[in-house]
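Chemist: Pasting input.csv below, which is CSV, C-alpha atoms.
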chain,number,residue,atom,x,y,z
A,23,MET,CA,-13.0,4.1,-43.4
A,24,GLU,CA,-16.7,4.4,-43.1
A,25,LEU,CA,-18.1,4.3,-39.6
A,26,LEU,CA,-21.6,3.2,-38.5
A,27,VAL,CA,-22.9,5.0,-35.4
A,28,GLU,CA,-25.7,3.8,-33.1
A,29,ASP,CA,-26.7,4.9,-29.6
A,30,ARG,CA,-27.7,1.9,-27.5
A,31,GLY,CA,-28.5,2.6,-23.8
A,32,ASP,CA,-25.7,4.8,-22.5
A,33,ALA,CA,-23.3,3.5,-25.0
A,34,ARG,CA,-22.4,4.8,-28.4
A,35,VAL,CA,-21.5,2.0,-30.7
A,36,ILE,CA,-19.2,2.9,-33.6
A,37,ALA,CA,-18.6,0.1,-36.1
A,38,ALA,CA,-15.7,0.2,-38.5
A,39,GLN,CA,-16.8,-0.7,-42.0
A,40,ALA,CA,-13.5,-1.4,-43.8
A,41,PRO,CA,-11.2,-4.4,-43.7
A,42,ARG,CA,-8.0,-2.5,-43.0
A,43,LEU,CA,-7.0,0.1,-40.4
A,44,ASP,CA,-3.5,0.9,-41.6
A,45,ALA,CA,-1.1,3.8,-42.2
A,46,ALA,CA,-2.9,4.8,-45.4
A,47,GLY,CA,-6.3,5.1,-43.6
A,48,VAL,CA,-5.5,6.5,-40.1
A,49,LEU,CA,-6.1,10.2,-40.9
A,50,ALA,CA,-9.6,9.6,-42.3
A,51,PHE,CA,-10.3,7.2,-39.4
A,52,LYS,CA,-9.4,9.8,-36.8
A,53,ASP,CA,-11.5,12.5,-38.5
A,54,ARG,CA,-14.6,10.3,-38.8
A,55,PHE,CA,-14.3,8.9,-35.4
A,56,ARG,CA,-14.1,12.4,-33.9
A,57,GLU,CA,-17.4,13.2,-35.6
A,58,ALA,CA,-19.0,9.9,-34.7
A,59,ALA,CA,-18.1,10.2,-31.0
A,60,SER,CA,-19.1,13.8,-30.5
A,61,GLY,CA,-21.8,14.1,-27.8
A,62,ALA,CA,-21.2,10.5,-26.5
A,63,LYS,CA,-21.9,10.4,-22.8
A,64,GLU,CA,-20.7,7.3,-20.9
A,65,ARG,CA,-19.1,4.7,-23.1
A,66,VAL,CA,-18.0,4.5,-26.6
A,67,ILE,CA,-17.6,1.0,-28.0
A,68,LEU,CA,-15.5,0.7,-31.2
A,69,ASP,CA,-16.7,-2.5,-33.0
A,70,LEU,CA,-13.8,-3.8,-35.1
A,71,THR,CA,-15.5,-7.0,-36.3
A,72,ALA,CA,-15.1,-5.9,-40.0
A,73,VAL,CA,-11.3,-5.1,-39.6
A,74,ASN,CA,-9.1,-8.0,-40.4
A,75,PHE,CA,-5.8,-6.1,-40.6
A,76,LEU,CA,-4.4,-3.5,-38.2
A,77,ASP,CA,-0.8,-2.1,-38.3
A,78,SER,CA,1.1,-0.1,-35.7
A,79,SER,CA,-0.3,3.1,-37.2
A,80,GLY,CA,-3.8,1.8,-36.8
A,81,LEU,CA,-3.1,0.9,-33.2
A,82,GLY,CA,-1.7,4.3,-32.6
A,83,ALA,CA,-4.8,5.9,-34.1
A,84,ILE,CA,-7.1,3.9,-31.7
A,85,VAL,CA,-5.0,5.2,-28.8
A,86,ALA,CA,-5.2,8.7,-30.2
A,87,VAL,CA,-9.0,8.7,-30.6
A,88,ARG,CA,-9.4,7.4,-27.0
A,89,LYS,CA,-7.7,10.7,-25.9
A,90,LEU,CA,-10.2,12.7,-28.0
A,91,LEU,CA,-13.1,11.6,-25.9
A,92,ALA,CA,-14.6,13.9,-23.3
A,93,GLU,CA,-13.5,13.6,-19.7
A,94,GLY,CA,-15.3,10.6,-18.1
A,95,VAL,CA,-16.1,8.8,-21.4
A,96,ALA,CA,-14.4,5.4,-21.8
A,97,LEU,CA,-13.4,3.8,-25.1
A,98,GLU,CA,-14.0,0.1,-25.2
A,99,LEU,CA,-13.2,-2.3,-28.0
A,100,ALA,CA,-15.3,-5.2,-29.4
A,101,GLY,CA,-15.0,-7.9,-32.1
A,102,LEU,CA,-11.2,-8.1,-32.5
A,103,THR,CA,-10.4,-10.5,-35.3
A,104,PRO,CA,-7.3,-12.8,-34.8
A,105,ALA,CA,-4.7,-10.6,-36.6
A,106,VAL,CA,-6.0,-7.5,-34.8
A,107,GLU,CA,-6.1,-9.2,-31.4
A,108,ARG,CA,-2.5,-10.3,-32.0
A,109,VAL,CA,-1.2,-6.7,-32.5
A,110,PHE,CA,-2.9,-5.6,-29.3
A,111,ARG,CA,-1.5,-8.6,-27.4
A,112,LEU,CA,2.1,-8.4,-28.7
A,113,THR,CA,2.3,-4.7,-27.9
A,114,ARG,CA,0.5,-5.3,-24.5
A,115,MET,CA,-2.0,-2.6,-25.5
A,116,ASP,CA,-4.7,-5.1,-24.7
A,117,SER,CA,-4.0,-4.2,-21.0
A,118,VAL,CA,-5.2,-0.6,-21.3
A,119,PHE,CA,-8.6,-1.2,-23.0
A,120,THR,CA,-11.7,-3.1,-22.0
A,121,ILE,CA,-12.1,-5.6,-24.8
A,122,HIS,CA,-15.4,-7.5,-25.5
A,123,ALA,CA,-15.6,-10.5,-27.7
A,124,ALA,CA,-18.5,-8.9,-29.4
A,125,VAL,CA,-20.6,-5.7,-28.8
A,126,PRO,CA,-22.7,-6.6,-25.7
A,127,GLU,CA,-26.3,-7.6,-26.5
A,128,HIS,CA,-27.6,-5.7,-23.5
A,129,LEU,CA,-26.4,-2.2,-23.1
A,130,PRO,CA,-28.3,-0.7,-20.1
A,131,SER,CA,-29.3,2.9,-19.7
A,132,VAL,CA,-28.8,4.3,-16.2
A,133,LEU,CA,-31.9,6.5,-16.5
B,25,MET,CA,2.8,0.6,-55.7
B,26,SER,CA,1.5,1.5,-52.3
B,27,VAL,CA,2.4,-0.5,-49.1
B,28,ARG,CA,-1.2,-1.5,-48.9
B,29,ALA,CA,-1.4,-2.8,-52.4
B,30,ALA,CA,1.9,-4.7,-52.0
B,31,LEU,CA,0.7,-6.4,-48.8
B,32,GLN,CA,-2.6,-7.4,-50.5
B,33,ARG,CA,-0.8,-8.9,-53.3
B,34,PHE,CA,1.4,-11.0,-51.0
B,35,ALA,CA,-1.6,-12.0,-48.9
B,36,GLU,CA,-3.1,-13.6,-52.0
B,37,GLY,CA,0.1,-15.0,-53.3
B,38,GLY,CA,1.3,-18.6,-53.5
B,39,VAL,CA,3.9,-18.4,-50.6
B,40,LEU,CA,1.5,-17.2,-48.0
B,41,GLY,CA,-1.3,-19.3,-49.5
B,42,SER,CA,0.7,-22.4,-48.5
B,43,VAL,CA,0.8,-21.7,-44.7
B,44,THR,CA,-1.8,-21.4,-41.9
B,45,ASP,CA,-3.7,-18.2,-41.3
B,46,ASP,CA,-1.7,-17.7,-38.1
B,47,ARG,CA,1.6,-17.8,-40.1
B,48,ARG,CA,0.3,-15.7,-42.9
B,49,ASP,CA,-0.8,-13.0,-40.4
B,50,ALA,CA,2.6,-13.0,-38.7
B,51,VAL,CA,4.4,-12.4,-42.0
B,52,LEU,CA,1.9,-9.8,-43.2
B,53,ILE,CA,2.0,-7.8,-39.9
B,54,ALA,CA,5.8,-7.8,-39.7
B,55,LEU,CA,6.1,-7.0,-43.4
B,56,ALA,CA,3.6,-4.1,-43.0
B,57,GLU,CA,5.8,-2.6,-40.3
B,58,VAL,CA,9.0,-3.1,-42.3
B,59,LEU,CA,7.5,-1.4,-45.4
B,60,ASN,CA,5.9,1.4,-43.4
B,61,ASN,CA,9.3,2.1,-41.8
B,62,ILE,CA,11.0,2.2,-45.2
B,63,ALA,CA,8.3,4.6,-46.6
B,64,GLU,CA,8.4,6.8,-43.6
B,65,HIS,CA,12.1,6.8,-42.5
B,66,ALA,CA,14.4,5.4,-45.2
B,67,TYR,CA,12.6,7.4,-47.9
B,68,GLY,CA,11.1,10.2,-45.7
B,69,GLY,CA,7.6,9.9,-47.2
B,70,MET,CA,8.9,10.1,-50.8
B,71,ALA,CA,8.6,7.2,-53.3
B,72,GLY,CA,11.6,4.9,-53.6
B,73,PRO,CA,12.5,1.4,-54.9
B,74,VAL,CA,11.8,-1.5,-52.6
B,75,THR,CA,12.4,-5.2,-53.5
B,76,VAL,CA,10.5,-7.8,-51.5
B,77,ASN,CA,11.4,-11.5,-51.8
B,78,LEU,CA,9.1,-14.1,-50.1
B,79,ARG,CA,10.3,-17.7,-50.1
B,80,ARG,CA,8.9,-20.8,-48.6
B,81,GLY,CA,11.7,-23.1,-47.5
B,82,ALA,CA,11.8,-26.3,-45.5
B,83,GLY,CA,9.9,-25.4,-42.4
B,84,ALA,CA,10.2,-21.7,-42.8
B,85,VAL,CA,9.1,-18.6,-44.7
B,86,THR,CA,11.9,-16.2,-45.3
B,87,VAL,CA,11.3,-12.6,-46.3
B,88,ARG,CA,14.1,-10.4,-47.8
B,89,VAL,CA,13.5,-6.7,-48.2
B,90,LEU,CA,15.9,-4.3,-50.0
B,91,ASP,CA,15.7,-0.5,-50.1
B,92,LYS,CA,18.1,2.2,-51.2
B,93,GLY,CA,17.3,4.6,-48.3
B,94,ASP,CA,20.0,6.2,-46.1
B,95,THR,CA,18.8,5.0,-42.8
B,96,ALA,CA,17.9,1.6,-41.4
B,97,PRO,CA,16.1,0.8,-38.2
B,98,LEU,CA,18.0,0.1,-35.0
B,99,PHE,CA,16.4,-3.2,-34.0
B,100,ALA,CA,18.7,-3.8,-31.1
B,101,CYS,CA,17.5,-0.6,-29.3
B,102,ALA,CA,13.8,-1.0,-30.0
B,103,GLU,CA,12.1,-1.3,-26.6
B,104,ALA,CA,8.4,-1.7,-26.6
B,105,PRO,CA,6.6,1.4,-25.3
B,106,ASP,CA,4.9,1.3,-21.9
B,107,PRO,CA,1.2,0.7,-22.5
B,108,ALA,CA,0.4,2.7,-19.3
B,109,HIS,CA,1.6,5.9,-21.0
B,110,LEU,CA,-0.9,5.4,-23.8
B,111,PRO,CA,1.8,5.5,-26.6
B,112,GLU,CA,0.6,6.4,-30.1
B,113,GLY,CA,3.6,5.0,-31.9
B,114,GLY,CA,6.9,3.1,-31.4
B,115,PHE,CA,5.1,-0.3,-31.9
B,116,GLY,CA,6.6,-1.2,-35.2
B,117,LEU,CA,10.1,-2.6,-34.4
B,118,PRO,CA,8.9,-4.4,-31.2
B,119,LEU,CA,6.2,-6.0,-33.3
B,120,ILE,CA,8.7,-7.2,-36.0
B,121,ARG,CA,11.0,-8.5,-33.2
B,122,ALA,CA,8.1,-10.4,-31.6
B,123,LEU,CA,6.8,-11.9,-34.8
B,124,ALA,CA,10.0,-13.0,-36.6
B,125,GLU,CA,12.1,-15.8,-35.3
B,126,GLY,CA,15.2,-14.6,-37.0
B,127,LEU,CA,16.4,-11.2,-38.3
B,128,VAL,CA,19.6,-10.3,-40.1
B,129,GLN,CA,20.3,-6.7,-41.2
B,130,GLN,CA,23.0,-5.8,-43.7
B,131,ARG,CA,24.2,-2.8,-45.7
B,132,ARG,CA,25.3,-4.0,-49.1
B,133,LEU,CA,26.3,-2.0,-52.1
B,134,GLY,CA,24.3,1.1,-51.0
B,135,CYS,CA,21.2,-1.0,-50.1
B,136,ASN,CA,19.7,-1.9,-46.8
B,137,VAL,CA,19.0,-5.6,-46.7
B,138,LEU,CA,16.7,-7.0,-44.1
B,139,CYS,CA,16.1,-10.8,-43.8
B,140,LEU,CA,13.3,-12.1,-41.6
B,141,ARG,CA,12.6,-15.7,-40.9
B,142,PHE,CA,9.3,-17.2,-39.8
B,143,SER,CA,8.7,-20.8,-38.8
B,144,ALA,CA,6.2,-22.3,-41.2
B,145,HIS,CA,4.5,-23.9,-38.1
B,146,SER,CA,3.1,-21.8,-35.3
B,147,PRO,CA,5.5,-21.5,-32.4
B,148,PRO,CA,4.1,-20.9,-28.9
B,149,GLU,CA,3.9,-17.3,-27.9
B,150,PRO,CA,5.3,-15.3,-26.2
B,151,ARG,CA,8.8,-16.2,-27.3
B,152,GLY,CA,12.0,-15.1,-25.7
B,153,MET,CA,14.9,-13.3,-27.3
B,154,PHE,CA,16.3,-14.2,-30.6
B,155,PRO,CA,19.8,-13.3,-32.0
B,156,VAL,CA,20.2,-10.1,-33.9
B,157,ARG,CA,23.2,-10.1,-36.2
B,158,LEU,CA,24.4,-6.7,-37.4
B,159,LYS,CA,26.8,-6.5,-40.2
Turn this file's structure into structure tokens for me.
Modeler:
Amino acid sequence: MELLVEDRGDARVIAAQAPRLDAAGVLAFKDRFREAASGAKERVILDLTAVNFLDSSGLGAIVAVRKLLAEGVALELAGLTPAVERVFRLTRMDSVFTIHAAVPEHLPSVL
Amino acid sequence: MSVRAALQRFAEGGVLGSVTDDRRDAVLIALAEVLNNIAEHAYGGMAGPVTVNLRRGAGAVTVRVLDKGDTAPLFACAEAPDPAHLPEGGFGLPLIRALAEGLVQQRRLGCNVLCLRFSAHSPPEPRGMFPVRLK
């Protein structure tokens, strides 16, 4: 799972670059996310637009990487495709993340 | 063949090609969880034989999965984990239960046999309970 990283305003946007986040890919995802998120300050937005399949291992990995973030840094999700959104909804894990339809156009900087 | 390769083959196959995206996703998500469970629990991470049969019947897609592992999942006891506790696992069986309209589990001739039934037309979500028959 390749990740594209971009700082926009106070947010670090991390975009997944593979179509599947599944049991076979979760270890690599967690490792790369840890690197990609290091030094993030306020918000990390994980852009899942490219992901069209997520299994329970992938869901668990997203919860796990949320816990890797420094104190006070929030993990938000964006661009959930229908099959991915469904896994979040059926497990009710959509209730514990801020979920955007797409990465917000305007990401303000507090400074 | 890996779980991922098997799922990709089914995704492109004739049975799931004949239903809507919504139905195809429901079958593929449930089947992913079934196969991951077999790989992880029934075979403990080792390779083992699995037979998957996908069939499009009148109004339904049925999936039958056989494995020769020692353990089979206890669907009747699978409560969904509480999201507030930020669980990192335990989603698999609740997902299968939420997605399949019917589920029958059997132990036959040293094999675990799991049959799942999915309506070929999208039912409204969320659904209530469905009968689990254990033999």
Chemist: Pull the closest atom pair for each residue of chain B that gets at most 6 Å from chain A, along with the distance in Å to one decimal, counting only C-alpha atoms, ordering rows by chain and then ascending residue number, as a tab-separated table.
Modeler:
residue	atom	partner	partner_atom	distance
B:Asp49	CA	A:Ala105	CA	6.0
B:Pro107	CA	A:Met115	CA	5.5
B:Glu112	CA	A:Gly82	CA	4.0
B:Gly113	CA	A:Gly82	CA	5.4
B:Phe115	CA	A:Ser78	CA	5.5
B:Gly116	CA	A:Ser78	CA	5.6
Chemist: Using all atoms listed in the file, which residue out of B:Ala66, B:Ala54, B:Cys135, B:Val27 lies closest to Thr95 in chain B?
Modeler: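 For Thr95 in chain B, the nearest of the candidates is B:Ala66.
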Chemist: Report, in Å with one decimal, the straight-line distance from CA of Ala123 in chain A to CA of Leu68 in chain A.
Modeler: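 Value for the CA of Ala123 in chain A-CA of Leu68 in chain A distance: 11.7 Å.
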Chemist: Between CA of Glu57 in chain A and CA of Gln32 in chain B, measure the distance and give it in Å to one decimal.
Modeler: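 That distance, rounded to one decimal, is 29.4 Å.
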Chemist: Pick from B:Ala84, B:Val89, B:Ala63, B:Leu138: nearest to Ser42 in chain B, with only C-alpha atoms counted?
Modeler: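 Among the listed residues, B:Ala84 lies closest to Ser42 in chain B.
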Chemist: What gap, in Å, lies between CA of Arg34 in chain A and CA of Lys52 in chain A?
Modeler: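 CA of Arg34 in chain A sits 16.3 Å away from CA of Lys52 in chain A.
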Chemist: Given the choices A:His122, A:Arg54, A:His128, A:Arg65, which gets closest to Met23 in chain A if the distance is worked out from only C-alpha atoms?
Modeler: A:Arg54
Chemist: Write out as a ChimeraX atom specification which residues come within 8 Å of Val95 in chain A when counting only C-alpha atoms, dropping same-chain ones fewer than 3 positions away.
Modeler: /A:62-66,91-92
Chemist: Would you please work out which residue, of B:Glu36, B:Asp45, B:Asp94, B:Asp106, is nearest to Ile62 in chain B when using only C-alpha atoms?
Modeler: B:Asp94
